file model.txt (compact mmCIF, C-alpha atoms and all ligand atoms)
# COMPACT_ATOMS: atom_id res chain seq x y z
CA MET F 645 -23.42 -89.13 54.42
CA ARG F 646 -20.00 -87.63 53.71
CA ARG F 647 -19.41 -86.93 50.04
CA ALA F 648 -16.27 -85.70 48.25
CA VAL F 649 -17.38 -82.49 46.53
CA VAL F 650 -15.27 -80.58 43.98
CA ILE F 651 -14.83 -77.04 45.33
CA GLY F 652 -12.13 -75.80 42.93
CA THR F 653 -10.19 -76.67 39.78
CA GLY F 654 -6.97 -75.46 38.15
CA MET F 655 -4.62 -76.20 35.28
CA HIS F 656 -1.21 -75.38 33.93
CA LEU F 657 0.21 -76.01 30.48
CA PRO F 658 3.80 -75.46 29.36
CA GLU F 659 4.25 -72.33 27.26
CA ARG F 660 5.57 -74.04 24.13
CA VAL F 661 2.89 -75.17 21.69
CA MET F 662 3.95 -77.78 19.15
CA PRO F 663 1.68 -77.94 16.08
CA ASN F 664 1.37 -81.14 14.02
CA SER F 665 3.28 -79.49 11.19
CA GLU F 666 6.51 -79.69 13.24
CA PHE F 667 6.51 -83.49 12.85
CA GLU F 668 6.56 -83.16 9.06
CA ALA F 669 10.25 -82.15 9.10
CA THR F 670 11.46 -85.38 10.74
CA LEU F 671 8.74 -88.01 10.19
CA GLU F 672 6.76 -89.37 7.28
CA THR F 673 3.49 -87.91 8.47
CA SER F 674 1.25 -84.91 7.90
CA HIS F 675 -1.00 -82.55 9.81
CA GLU F 676 -3.93 -83.91 7.78
CA TRP F 677 -3.20 -87.56 8.69
CA ILE F 678 -2.87 -86.74 12.39
CA VAL F 679 -6.11 -84.72 12.44
CA GLU F 680 -8.06 -87.34 10.51
CA ARG F 681 -6.93 -90.30 12.66
CA THR F 682 -6.75 -88.60 16.06
CA GLY F 683 -8.43 -85.16 16.02
CA ILE F 684 -5.20 -83.72 17.49
CA HIS F 685 -3.99 -80.34 16.17
CA GLN F 686 -1.32 -79.41 18.70
CA ARG F 687 0.20 -80.24 22.07
CA HIS F 688 2.17 -78.36 24.75
CA ILE F 689 5.74 -79.42 25.47
CA ALA F 690 7.59 -78.76 28.73
CA ALA F 691 10.74 -76.64 28.51
CA GLU F 692 14.12 -78.08 29.46
CA GLY F 693 14.23 -78.18 33.25
CA GLU F 694 10.46 -77.74 33.57
CA LEU F 695 9.41 -80.67 35.73
CA THR F 696 6.19 -82.57 36.36
CA SER F 697 6.24 -81.07 39.89
CA ASP F 698 6.45 -77.53 38.43
CA LEU F 699 3.38 -78.12 36.25
CA GLY F 700 1.51 -79.92 39.04
CA ALA F 701 2.27 -77.27 41.67
CA LYS F 702 1.01 -74.47 39.40
CA ALA F 703 -2.19 -76.38 38.61
CA GLY F 704 -2.62 -77.17 42.31
CA ALA F 705 -2.08 -73.54 43.34
CA GLN F 706 -4.73 -72.39 40.87
CA ALA F 707 -7.20 -75.01 42.14
CA LEU F 708 -6.64 -73.86 45.75
CA LYS F 709 -7.10 -70.22 44.70
CA ASN F 710 -10.30 -71.01 42.79
CA ALA F 711 -11.58 -72.97 45.81
CA GLY F 712 -10.79 -69.96 47.98
CA ILE F 713 -8.97 -72.03 50.60
CA ALA F 714 -5.57 -71.80 52.26
CA PRO F 715 -2.97 -74.47 51.32
CA GLU F 716 -2.51 -75.51 54.96
CA THR F 717 -6.13 -76.72 55.12
CA ILE F 718 -5.30 -79.56 52.68
CA ASP F 719 -4.68 -82.80 54.54
CA LEU F 720 -3.82 -85.01 51.58
CA VAL F 721 -2.13 -84.43 48.21
CA ILE F 722 -2.53 -87.23 45.67
CA LEU F 723 -0.61 -86.89 42.43
CA ALA F 724 -1.53 -89.09 39.48
CA THR F 725 1.51 -89.37 37.24
CA THR F 726 3.52 -91.82 35.18
CA THR F 727 6.31 -89.30 34.66
CA PRO F 728 7.62 -88.40 38.13
CA ASP F 729 10.50 -85.93 38.53
CA ASP F 730 12.69 -88.64 40.04
CA THR F 731 12.40 -92.22 41.23
CA MET F 732 12.20 -90.89 44.77
CA PRO F 733 10.98 -88.98 46.63
CA SER F 734 7.44 -89.02 45.33
CA THR F 735 6.63 -86.03 43.14
CA ALA F 736 3.57 -85.43 45.32
CA THR F 737 5.82 -84.53 48.26
CA LYS F 738 7.72 -82.05 46.07
CA ILE F 739 4.42 -80.47 45.03
CA GLN F 740 3.26 -80.42 48.64
CA HIS F 741 6.40 -78.43 49.50
CA LYS F 742 6.09 -76.09 46.50
CA LEU F 743 2.53 -75.29 47.63
CA GLY F 744 3.67 -74.54 51.17
CA ILE F 745 1.70 -77.42 52.69
CA THR F 746 3.57 -78.79 55.70
CA GLY F 747 1.00 -81.10 57.30
CA GLY F 748 -1.00 -84.11 56.21
CA ALA F 749 0.30 -86.62 53.69
CA ALA F 750 1.24 -86.79 50.02
CA PHE F 751 1.82 -89.66 47.61
CA ASP F 752 1.87 -90.58 43.92
CA VAL F 753 -0.51 -92.92 42.14
CA ASN F 754 0.61 -94.60 38.92
CA ALA F 755 -2.19 -95.93 36.76
CA ALA F 756 -0.98 -94.29 33.52
CA CYS F 757 -3.85 -92.70 31.60
CA SER F 758 -6.37 -93.92 34.22
CA GLY F 759 -4.33 -92.16 36.92
CA PHE F 760 -6.81 -89.38 37.63
CA VAL F 761 -9.73 -91.80 37.98
CA TYR F 762 -7.62 -93.97 40.31
CA ALA F 763 -6.56 -90.93 42.37
CA MET F 764 -10.19 -89.77 42.64
CA SER F 765 -11.17 -93.23 43.87
CA VAL F 766 -8.47 -93.14 46.57
CA ALA F 767 -9.38 -89.57 47.55
CA ASN F 768 -13.04 -90.53 47.76
CA SER F 769 -12.23 -93.40 50.11
CA PHE F 770 -10.21 -91.11 52.39
CA ILE F 771 -13.05 -88.58 52.52
CA VAL F 772 -15.97 -91.00 52.92
CA SER F 773 -14.13 -92.90 55.66
CA GLY F 774 -13.41 -89.67 57.54
CA MET F 775 -9.63 -89.94 57.18
CA ALA F 776 -9.38 -86.67 55.25
CA LYS F 777 -11.43 -83.49 54.94
CA ARG F 778 -9.77 -81.77 52.01
CA VAL F 779 -7.83 -83.58 49.32
CA LEU F 780 -5.92 -82.00 46.45
CA VAL F 781 -5.99 -84.40 43.48
CA ILE F 782 -3.56 -83.52 40.70
CA GLY F 783 -2.82 -85.11 37.33
CA ALA F 784 0.55 -83.93 35.98
CA GLU F 785 2.66 -85.36 33.18
CA THR F 786 5.71 -84.73 31.02
CA TYR F 787 5.26 -87.55 28.49
CA SER F 788 7.54 -85.69 26.07
CA ARG F 789 10.42 -87.14 28.16
CA ILE F 790 9.45 -90.78 27.52
CA LEU F 791 8.40 -90.54 23.87
CA ASP F 792 10.30 -92.16 21.03
CA TRP F 793 10.36 -89.15 18.72
CA SER F 794 11.17 -91.40 15.76
CA ASP F 795 7.99 -93.50 16.18
CA ARG F 796 5.22 -91.75 14.24
CA GLY F 797 2.62 -94.13 15.67
CA THR F 798 3.09 -92.84 19.24
CA CYS F 799 4.95 -89.51 19.46
CA ILE F 800 2.18 -87.60 17.68
CA LEU F 801 -0.37 -88.64 20.29
CA PHE F 802 0.95 -87.18 23.54
CA GLY F 803 1.54 -83.82 25.22
CA ASP F 804 2.57 -82.34 28.58
CA GLY F 805 0.34 -80.61 31.12
CA ALA F 806 -1.27 -80.64 34.54
CA ALA F 807 -4.63 -80.01 36.16
CA ALA F 808 -6.10 -80.37 39.62
CA VAL F 809 -9.28 -80.52 41.66
CA VAL F 810 -9.85 -79.79 45.34
CA LEU F 811 -12.23 -82.24 47.01
CA GLU F 812 -13.92 -81.34 50.26
CA ALA F 813 -15.92 -83.54 52.65
CA GLN F 814 -19.50 -82.29 52.76
CA GLU F 815 -22.48 -83.78 54.53
CA GLN F 816 -25.12 -84.85 51.98
CA LYS F 817 -28.38 -86.85 52.08
CA GLY F 818 -26.88 -90.11 50.80
CA THR F 819 -28.89 -90.26 47.57
CA SER F 820 -27.73 -90.18 43.96
CA ASP F 821 -28.97 -86.59 43.79
CA ASP F 822 -26.19 -85.57 46.19
CA ARG F 823 -23.35 -83.36 45.08
CA GLY F 824 -19.91 -84.96 45.00
CA ILE F 825 -18.47 -88.30 43.94
CA LEU F 826 -21.31 -90.82 43.61
CA PHE F 827 -19.26 -93.73 42.30
CA ALA F 828 -15.53 -94.25 41.79
CA GLY F 829 -14.98 -97.55 40.01
CA ILE F 830 -11.48 -98.77 39.16
CA HIS F 831 -10.31 -101.94 37.42
CA SER F 832 -7.14 -103.52 36.07
CA ASP F 833 -6.10 -106.60 34.14
CA GLY F 834 -2.36 -107.24 34.09
CA GLN F 835 -2.53 -109.76 31.28
CA TYR F 836 -2.39 -106.73 28.96
CA THR F 837 0.77 -105.10 30.35
CA GLY F 838 2.57 -105.61 27.02
CA LEU F 839 0.07 -103.59 24.94
CA LEU F 840 1.18 -100.18 26.19
CA ALA F 841 4.40 -99.82 28.15
CA THR F 842 7.89 -98.35 28.31
CA THR F 843 10.98 -100.15 27.07
CA GLY F 844 12.48 -100.02 30.54
CA GLY F 845 12.37 -98.79 34.11
CA VAL F 846 14.29 -98.53 37.34
CA SER F 847 14.54 -102.21 38.22
CA SER F 848 14.79 -103.59 34.69
CA THR F 849 17.03 -101.23 32.70
CA MET F 850 17.91 -98.56 35.25
CA ASN F 851 16.48 -95.84 33.02
CA ALA F 852 12.95 -94.63 32.32
CA GLY F 853 12.63 -96.26 28.89
CA LYS F 854 10.55 -95.06 25.96
CA LEU F 855 6.83 -95.50 25.39
CA PHE F 856 5.59 -98.07 22.88
CA MET F 857 2.14 -99.46 22.20
CA PHE F 858 -0.05 -101.55 20.00
CA GLY F 859 -2.37 -98.72 19.00
CA LYS F 860 -5.11 -100.75 17.36
CA ASP F 861 -5.44 -103.10 20.37
CA ILE F 862 -5.53 -100.18 22.81
CA PHE F 863 -8.19 -98.54 20.66
CA ARG F 864 -10.33 -101.68 20.78
CA HIS F 865 -10.03 -102.04 24.57
CA ALA F 866 -10.76 -98.32 25.07
CA VAL F 867 -14.03 -98.28 23.14
CA ALA F 868 -15.22 -101.39 25.00
CA LYS F 869 -14.00 -100.82 28.57
CA MET F 870 -14.66 -97.09 28.94
CA PRO F 871 -18.39 -97.34 28.12
CA ALA F 872 -18.64 -100.44 30.33
CA ALA F 873 -17.13 -98.47 33.22
CA VAL F 874 -19.70 -95.70 32.74
CA GLU F 875 -22.51 -98.25 32.61
CA GLU F 876 -21.24 -99.83 35.84
CA ALA F 877 -21.30 -96.41 37.55
CA LEU F 878 -24.80 -95.63 36.25
CA ALA F 879 -26.17 -99.01 37.32
CA ALA F 880 -24.66 -98.65 40.80
CA THR F 881 -26.32 -95.26 41.28
CA GLY F 882 -29.64 -95.99 39.57
CA LYS F 883 -28.93 -93.48 36.82
CA HIS F 884 -29.24 -93.68 33.05
CA ALA F 885 -27.03 -92.34 30.27
CA ASP F 886 -29.76 -89.76 29.56
CA ASP F 887 -29.18 -88.34 33.07
CA VAL F 888 -25.51 -87.59 32.28
CA ASN F 889 -25.09 -83.88 31.55
CA TRP F 890 -21.43 -84.20 30.56
CA LEU F 891 -19.26 -87.08 29.45
CA VAL F 892 -15.66 -86.08 30.18
CA PRO F 893 -13.55 -89.03 29.06
CA HIS F 894 -9.80 -89.45 29.11
CA GLN F 895 -8.65 -87.48 26.09
CA ALA F 896 -6.64 -89.98 24.01
CA ASN F 897 -7.99 -89.67 20.52
CA MET F 898 -11.10 -87.95 19.10
CA ARG F 899 -12.16 -91.23 17.47
CA ILE F 900 -12.03 -92.99 20.86
CA LEU F 901 -14.11 -90.22 22.46
CA ALA F 902 -16.66 -90.46 19.65
CA GLY F 903 -16.78 -94.27 19.93
CA VAL F 904 -17.33 -94.17 23.69
CA ALA F 905 -20.10 -91.55 23.38
CA GLN F 906 -21.77 -93.46 20.57
CA LYS F 907 -21.88 -96.70 22.57
CA LEU F 908 -23.53 -94.83 25.44
CA HIS F 909 -25.93 -92.99 23.09
CA ILE F 910 -24.61 -89.69 24.42
CA GLY F 911 -24.64 -86.95 21.77
CA GLU F 912 -21.48 -85.02 20.88
CA ASP F 913 -23.09 -81.91 22.38
CA ARG F 914 -22.74 -83.57 25.82
CA VAL F 915 -19.06 -84.52 25.43
CA ILE F 916 -16.24 -82.27 26.60
CA ALA F 917 -13.29 -82.72 24.25
CA THR F 918 -9.97 -80.93 24.57
CA VAL F 919 -7.76 -83.46 22.80
CA SER F 920 -7.44 -81.28 19.68
CA GLN F 921 -5.53 -78.65 21.68
CA HIS F 922 -3.59 -80.71 24.24
CA ALA F 923 -3.26 -84.21 22.69
CA ASN F 924 -3.13 -87.03 25.25
CA THR F 925 -1.82 -85.65 28.56
CA SER F 926 -2.43 -88.98 30.32
CA ALA F 927 -3.43 -88.47 33.98
CA ALA F 928 -3.88 -84.73 33.39
CA SER F 929 -6.39 -85.04 30.58
CA ILE F 930 -9.66 -85.46 32.53
CA PRO F 931 -8.99 -82.69 35.09
CA LEU F 932 -7.90 -80.38 32.22
CA ALA F 933 -11.23 -80.99 30.50
CA LEU F 934 -13.14 -80.60 33.80
CA HIS F 935 -11.40 -77.32 34.52
CA LEU F 936 -12.00 -75.88 31.04
CA GLY F 937 -15.60 -77.15 30.91
CA SER F 938 -16.45 -75.61 34.28
CA GLN F 939 -14.59 -72.34 33.64
CA ASP F 940 -16.40 -71.74 30.34
CA GLY F 941 -19.76 -72.36 32.03
CA ARG F 942 -20.71 -75.66 30.41
CA ILE F 943 -20.39 -77.75 33.61
CA LYS F 944 -22.66 -76.16 36.20
CA GLN F 945 -23.37 -76.95 39.83
CA GLY F 946 -25.79 -79.90 40.00
CA HIS F 947 -24.69 -81.42 36.68
CA LEU F 948 -24.02 -85.15 36.53
CA VAL F 949 -20.54 -85.73 35.07
CA ALA F 950 -19.13 -89.10 33.98
CA CYS F 951 -15.36 -89.43 33.60
CA PRO F 952 -14.21 -92.78 32.16
CA ALA F 953 -10.55 -93.61 31.45
CA LEU F 954 -8.34 -96.41 30.19
CA GLY F 955 -4.59 -96.67 30.38
CA ALA F 956 -1.53 -98.90 30.50
CA GLY F 957 -1.84 -101.95 32.71
CA LEU F 958 -4.45 -102.21 31.46
CA THR F 959 -6.21 -100.02 33.99
CA TRP F 960 -9.64 -98.45 33.57
CA GLY F 961 -12.54 -97.03 35.52
CA CYS F 962 -15.06 -94.22 35.82
CA THR F 963 -15.63 -91.43 38.30
CA LEU F 964 -19.30 -90.41 38.36
CA LEU F 965 -19.87 -87.15 40.22
CA ARG F 966 -22.37 -84.41 40.64
CA TRP F 967 -20.72 -81.00 40.23
N1 LIG Y 1001 1.44 -90.54 10.12
C1 LIG Y 1001 1.26 -91.23 8.99
N2 LIG Y 1001 1.05 -92.55 8.96
C2 LIG Y 1001 1.04 -93.19 10.15
C3 LIG Y 1001 1.23 -92.52 11.38
C4 LIG Y 1001 1.46 -91.14 11.32
N3 LIG Y 1001 1.64 -90.41 12.43
N4 LIG Y 1001 1.13 -93.43 12.37
C5 LIG Y 1001 0.91 -94.61 11.82
N5 LIG Y 1001 0.85 -94.47 10.46
C6 LIG Y 1001 0.64 -95.48 9.46
C7 LIG Y 1001 0.96 -96.87 9.92
O1 LIG Y 1001 2.35 -97.12 9.81
C8 LIG Y 1001 0.15 -97.71 8.96
O2 LIG Y 1001 0.87 -97.81 7.76
P1 LIG Y 1001 0.88 -99.21 6.96
O3 LIG Y 1001 -0.57 -99.47 6.63
O4 LIG Y 1001 1.75 -98.91 5.81
O5 LIG Y 1001 1.44 -100.19 7.93
C9 LIG Y 1001 -1.09 -96.85 8.70
O6 LIG Y 1001 -0.74 -95.52 9.11
C10 LIG Y 1001 -2.30 -97.27 9.45
O7 LIG Y 1001 -1.88 -97.53 10.78
P2 LIG Y 1001 -2.87 -97.96 11.85
O8 LIG Y 1001 -2.12 -98.25 13.12
O9 LIG Y 1001 -3.76 -99.01 11.28
O10 LIG Y 1001 -3.71 -96.62 12.01
P3 LIG Y 1001 -4.89 -96.34 12.94
O11 LIG Y 1001 -6.00 -95.83 12.17
O12 LIG Y 1001 -5.12 -97.47 13.90
O13 LIG Y 1001 -4.33 -95.13 13.80
C11 LIG Y 1001 -3.45 -94.68 15.94
C12 LIG Y 1001 -3.18 -95.27 14.58
C13 LIG Y 1001 -2.20 -94.80 16.80
C14 LIG Y 1001 -3.78 -93.20 15.73
C15 LIG Y 1001 -4.64 -95.41 16.58
O14 LIG Y 1001 -4.43 -96.78 16.57
C16 LIG Y 1001 -4.91 -94.98 17.97
O15 LIG Y 1001 -5.19 -93.82 18.24
N6 LIG Y 1001 -4.89 -95.94 18.94
C17 LIG Y 1001 -5.13 -95.65 20.32
C18 LIG Y 1001 -3.89 -95.08 20.88
C19 LIG Y 1001 -4.09 -94.42 22.18
O16 LIG Y 1001 -4.90 -93.52 22.27
N7 LIG Y 1001 -3.36 -94.85 23.17
C20 LIG Y 1001 -3.34 -94.29 24.47
C21 LIG Y 1001 -4.57 -94.73 25.20
S1 LIG Y 1001 -4.42 -94.32 26.86
call {"tool": "encode", "arguments": {"input": "model.txt", "output": "structure tokens"}}
result
Amino acid sequence: MRRAVVIGTGMHLPERVMPNSEFEATLETSHEWIVERTGIHQRHIAAEGELTSDLGAKAGAQALKNAGIAPETIDLVILATTTPDDTMPSTATKIQHKLGITGGAAFDVNAACSGFVYAMSVANSFIVSGMAKRVLVIGAETYSRILDWSDRGTCILFGDGAAAVVLEAQEQKGTSDDRGILFAGIHSDGQYTGLLATTGGVSSTMNAGKLFMFGKDIFRHAVAKMPAAVEEALAATGKHADDVNWLVPHQANMRILAGVAQKLHIGEDRVIATVSQHANTSAASIPLALHLGSQDGRIKQGHLVACPALGAGLTWGCTLLRW
């Protein structure tokens, strides 16, 4: 059976680091409050003129280098983003060009903070069906451009960044001990569109709008739907939470990560958390954590890795893969 196996990862963060203390000058908030409620200490913020495609192309280039493959062997680039450079063309095509890839196809996927999990599901379908052999999946975001910097309930939560994985079709036995993506579940329920959204968009206000959300409701949905998505993936593959070597959830808030792990009875020592350093980078957060966790030697070949996410839509899902 053809499986989509991760053969390389990469990341890129903007140079500027913004610590929590910077908010204290303009908002009624404190470093202590932010750390206690979210676990976030700092985030990276893109420079003026530094675009989502710049971050995504650098992350993609590093993933290709780490995979040891030439850019022209990629036959599909999927970019998960909610913050494209422009309304059109797709930011994926700009990244494709910046990477020197001239063949194949490229497109964007918008599922907000579930974007990476959605993109992995699409990539998996292309590979399993034989339509693609090597897919570059990138999560890249510049949420700093859509934040309301006067809203202390949202602007403290997000940061900019990008990360990428290269997936390659490899022939495996067809069991849940295979390497590669074993399950790629995605879900949405549009009745919740108003819980986390922007104040506008192309067709409604002719500008990008600013992000707003009902934080408590999102929190509640996240700690219910993310564990359920992991359980769905485990049930479909005949695995148990004890078999999971690493839980690598969307990095929204340390309390959400802890709540998801607790529901699954997965100890903190099996959770990869990067939210303290990057805040919520939306579609980039899971691949950032995967890259860092594999580079520092925690995620090893053969490990079972569960990546649940939840985002605006609402959208949610879980990629279960063996590294
Ligand atoms: N600093 C200080 N006080 C703040 C604050 C800040 N940055 N943000 C909110 N507050 C205040 C609120 O105004 C409220 O004050 P009030 O009681 O006088 O009205 C108080 O803190 C408690 O607010 P509440 O919303 O109940 O706090 P909370 O514990 O739910 O934490 C979030 C707020 C946003 C951190 C939390 O709801 C959350 O993380 N939600 C999930 C958000 C998320 O991750 N979304 C993206 C998912 S993809």
call {"tool": "residues_near_ligand", "arguments": {"input": "model.txt", "ligand": "ligand LIG 1001 (chain Y)", "cutoff": "8 Å", "atoms": "only C-alpha atoms and all ligand atoms", "output": "CSV table (one decimal) with C-alpha atoms, in the frame of the given file"}}
result
chain,number,residue,atom,x,y,z
F,671,LEU,CA,8.7,-88.0,10.2
F,672,GLU,CA,6.8,-89.4,7.3
F,673,THR,CA,3.5,-87.9,8.5
F,674,SER,CA,1.2,-84.9,7.9
F,677,TRP,CA,-3.2,-87.6,8.7
F,678,ILE,CA,-2.9,-86.7,12.4
F,681,ARG,CA,-6.9,-90.3,12.7
F,682,THR,CA,-6.8,-88.6,16.1
F,756,ALA,CA,-1.0,-94.3,33.5
F,757,CYS,CA,-3.8,-92.7,31.6
F,758,SER,CA,-6.4,-93.9,34.2
F,795,ASP,CA,8.0,-93.5,16.2
F,796,ARG,CA,5.2,-91.8,14.2
F,797,GLY,CA,2.6,-94.1,15.7
F,798,THR,CA,3.1,-92.8,19.2
F,799,CYS,CA,5.0,-89.5,19.5
F,800,ILE,CA,2.2,-87.6,17.7
F,801,LEU,CA,-0.4,-88.6,20.3
F,840,LEU,CA,1.2,-100.2,26.2
F,857,MET,CA,2.1,-99.5,22.2
F,858,PHE,CA,0.0,-101.6,20.0
F,859,GLY,CA,-2.4,-98.7,19.0
F,860,LYS,CA,-5.1,-100.8,17.4
F,861,ASP,CA,-5.4,-103.1,20.4
F,862,ILE,CA,-5.5,-100.2,22.8
F,863,PHE,CA,-8.2,-98.5,20.7
F,864,ARG,CA,-10.3,-101.7,20.8
F,866,ALA,CA,-10.8,-98.3,25.1
F,894,HIS,CA,-9.8,-89.4,29.1
F,896,ALA,CA,-6.6,-90.0,24.0
F,897,ASN,CA,-8.0,-89.7,20.5
F,899,ARG,CA,-12.2,-91.2,17.5
F,900,ILE,CA,-12.0,-93.0,20.9
F,924,ASN,CA,-3.1,-87.0,25.2
F,926,SER,CA,-2.4,-89.0,30.3
F,953,ALA,CA,-10.6,-93.6,31.4
F,954,LEU,CA,-8.3,-96.4,30.2
F,955,GLY,CA,-4.6,-96.7,30.4
F,956,ALA,CA,-1.5,-98.9,30.5
call {"tool": "closest_residue", "arguments": {"input": "model.txt", "among": "F:Ala852, F:Val949, F:Met775, F:Val721", "to": "Asp887 of chain F", "atoms": "only C-alpha atoms"}}
result
F:Val949
call {"tool": "closest_atom_pairs", "arguments": {"input": "model.txt", "of": "segment 747-780 of chain F", "to": "segment 648-660 of chain F", "cutoff": "12 Å", "atoms": "all atoms listed in the file", "output": "JSON lines"}}
result
{"residue": "F:Met764", "atom": "CA", "partner": "F:Ala648", "partner_atom": "CA", "distance": 9.2}
{"residue": "F:Ser765", "atom": "CA", "partner": "F:Ala648", "partner_atom": "CA", "distance": 10.1}
{"residue": "F:Val766", "atom": "CA", "partner": "F:Ala648", "partner_atom": "CA", "distance": 10.9}
{"residue": "F:Ala767", "atom": "CA", "partner": "F:Ala648", "partner_atom": "CA", "distance": 7.9}
{"residue": "F:Asn768", "atom": "CA", "partner": "F:Ala648", "partner_atom": "CA", "distance": 5.8}
{"residue": "F:Ser769", "atom": "CA", "partner": "F:Ala648", "partner_atom": "CA", "distance": 8.9}
{"residue": "F:Phe770", "atom": "CA", "partner": "F:Ala648", "partner_atom": "CA", "distance": 9.1}
{"residue": "F:Ile771", "atom": "CA", "partner": "F:Ala648", "partner_atom": "CA", "distance": 6.1}
{"residue": "F:Val772", "atom": "CA", "partner": "F:Ala648", "partner_atom": "CA", "distance": 7.1}
{"residue": "F:Ser773", "atom": "CA", "partner": "F:Ala648", "partner_atom": "CA", "distance": 10.6}
{"residue": "F:Gly774", "atom": "CA", "partner": "F:Ala648", "partner_atom": "CA", "distance": 10.5}
{"residue": "F:Met775", "atom": "CA", "partner": "F:Ala648", "partner_atom": "CA", "distance": 11.9}
{"residue": "F:Ala776", "atom": "CA", "partner": "F:Ala648", "partner_atom": "CA", "distance": 9.9}
{"residue": "F:Lys777", "atom": "CA", "partner": "F:Ala648", "partner_atom": "CA", "distance": 8.5}
{"residue": "F:Arg778", "atom": "CA", "partner": "F:Ala648", "partner_atom": "CA", "distance": 8.5}
{"residue": "F:Val779", "atom": "CA", "partner": "F:Ala648", "partner_atom": "CA", "distance": 8.8}
{"residue": "F:Leu780", "atom": "CA", "partner": "F:Gly652", "partner_atom": "CA", "distance": 9.5}
call {"tool": "closest_atom_pairs", "arguments": {"input": "model.txt", "of": "segment 752-811 of chain F", "to": "segment 706-716 of chain F", "cutoff": "10 Å", "atoms": "all atoms listed in the file", "output": "tab-separated table"}}
result
residue	atom	partner	partner_atom	distance
F:Arg778	CA	F:Ile713	CA	9.9
F:Leu780	CA	F:Leu708	CA	8.2
F:Val781	CA	F:Ala707	CA	9.6
F:Ile782	CA	F:Ala707	CA	9.4
F:Ala807	CA	F:Ala707	CA	8.2
F:Ala808	CA	F:Ala707	CA	6.0
F:Val809	CA	F:Ala707	CA	5.9
F:Val810	CA	F:Ala707	CA	6.3
F:Leu811	CA	F:Ala711	CA	9.4
call {"tool": "closest_residue", "arguments": {"input": "model.txt", "among": "F:Asp719, F:Asp698, F:Glu785, F:Glu676", "to": "Ile739 of chain F", "atoms": "only C-alpha atoms"}}
result
F:Asp698
call {"tool": "axis_aligned_box", "arguments": {"input": "model.txt", "around": "segment 657-667 of chain F", "padding_each_side": "3 Å", "output": "JSON"}}
result
{"center_x": 3.4, "center_y": -77.9, "center_z": 20.8, "size_x": 12.3, "size_y": 17.2, "size_z": 25.3}
call {"tool": "residues_around", "arguments": {"input": "model.txt", "residues": "Leu878 of chain F", "least_positions_apart": "5", "cutoff": "12 Å", "atoms": "all atoms listed in the file", "output": "JSON, numbers by chain"}}
result
{"F": [820, 826, 827, 828, 829, 871, 872, 873, 883, 884, 885, 886, 887, 888, 908, 948, 949, 950, 951, 952, 962, 963, 964, 965]}
call {"tool": "atom_distance", "arguments": {"input": "model.txt", "atom1": "atom CA of Lys742 of chain F", "atom2": "atom CA of Ser929 of chain F"}}
result
22.1 Å
call {"tool": "atom_distance", "arguments": {"input": "model.txt", "atom1": "atom CA of Gln686 of chain F", "atom2": "atom CA of Thr843 of chain F"}}
result
25.5 Å
call {"tool": "residues_around", "arguments": {"input": "model.txt", "residues": "segment 913-918 of chain F", "least_positions_apart": "5", "cutoff": "7 Å", "atoms": "all atoms listed in the file", "output": "list in words"}}
result
Asn889, Trp890, Leu891, Val892, Gln895, Ala933 and Gly937 of chain F
call {"tool": "residues_near_point", "arguments": {"input": "model.txt", "point": "(0.9, -80.7, 15.5)", "cutoff": "10 Å", "atoms": "only C-alpha atoms", "output": "MDAnalysis selection string"}}
result
chainID F and resid 661:668 674:676 678:679 684:688 800:801 920:923
call {"tool": "atom_distance", "arguments": {"input": "model.txt", "atom1": "atom CA of Gly882 of chain F", "atom2": "atom CA of Leu958 of chain F"}}
result
27.2 Å
call {"tool": "decode", "arguments": {"input": "model.txt", "residues": "segment 808-816 of chain F", "atoms": "N, CA and C atoms", "output": "PDB file, in the first residue's frame"}}
result
ATOM      1  N   ALA F 808       7.162  23.385   7.539  1.00  0.00           N
ATOM      2  CA  ALA F 808       6.810  22.556   6.378  1.00  0.00           C
ATOM      3  C   ALA F 808       7.239  21.112   6.574  1.00  0.00           C
ATOM      4  N   VAL F 809       6.554  20.223   5.891  1.00  0.00           N
ATOM      5  CA  VAL F 809       6.993  18.820   5.820  1.00  0.00           C
ATOM      6  C   VAL F 809       6.983  18.390   4.350  1.00  0.00           C
ATOM      7  N   VAL F 810       7.910  17.501   4.014  1.00  0.00           N
ATOM      8  CA  VAL F 810       7.890  16.864   2.691  1.00  0.00           C
ATOM      9  C   VAL F 810       7.335  15.466   2.879  1.00  0.00           C
ATOM     10  N   LEU F 811       6.287  15.148   2.123  1.00  0.00           N
ATOM     11  CA  LEU F 811       5.699  13.809   2.153  1.00  0.00           C
ATOM     12  C   LEU F 811       6.079  13.072   0.880  1.00  0.00           C
ATOM     13  N   GLU F 812       6.454  11.828   1.037  1.00  0.00           N
ATOM     14  CA  GLU F 812       6.841  11.025  -0.127  1.00  0.00           C
ATOM     15  C   GLU F 812       6.044   9.726  -0.146  1.00  0.00           C
ATOM     16  N   ALA F 813       5.590   9.322  -1.327  1.00  0.00           N
ATOM     17  CA  ALA F 813       4.895   8.035  -1.475  1.00  0.00           C
ATOM     18  C   ALA F 813       5.883   6.905  -1.280  1.00  0.00           C
ATOM     19  N   GLN F 814       5.587   6.026  -0.330  1.00  0.00           N
ATOM     20  CA  GLN F 814       6.437   4.851  -0.128  1.00  0.00           C
ATOM     21  C   GLN F 814       5.551   3.627   0.015  1.00  0.00           C
ATOM     22  N   GLU F 815       6.014   2.546  -0.561  1.00  0.00           N
ATOM     23  CA  GLU F 815       5.259   1.288  -0.517  1.00  0.00           C
ATOM     24  C   GLU F 815       5.420   0.664   0.874  1.00  0.00           C
ATOM     25  N   GLN F 816       4.294   0.400   1.548  1.00  0.00           N
ATOM     26  CA  GLN F 816       4.326  -0.174   2.898  1.00  0.00           C
ATOM     27  C   GLN F 816       3.388  -1.379   2.923  1.00  0.00           C
TER      28      GLN F 816
END
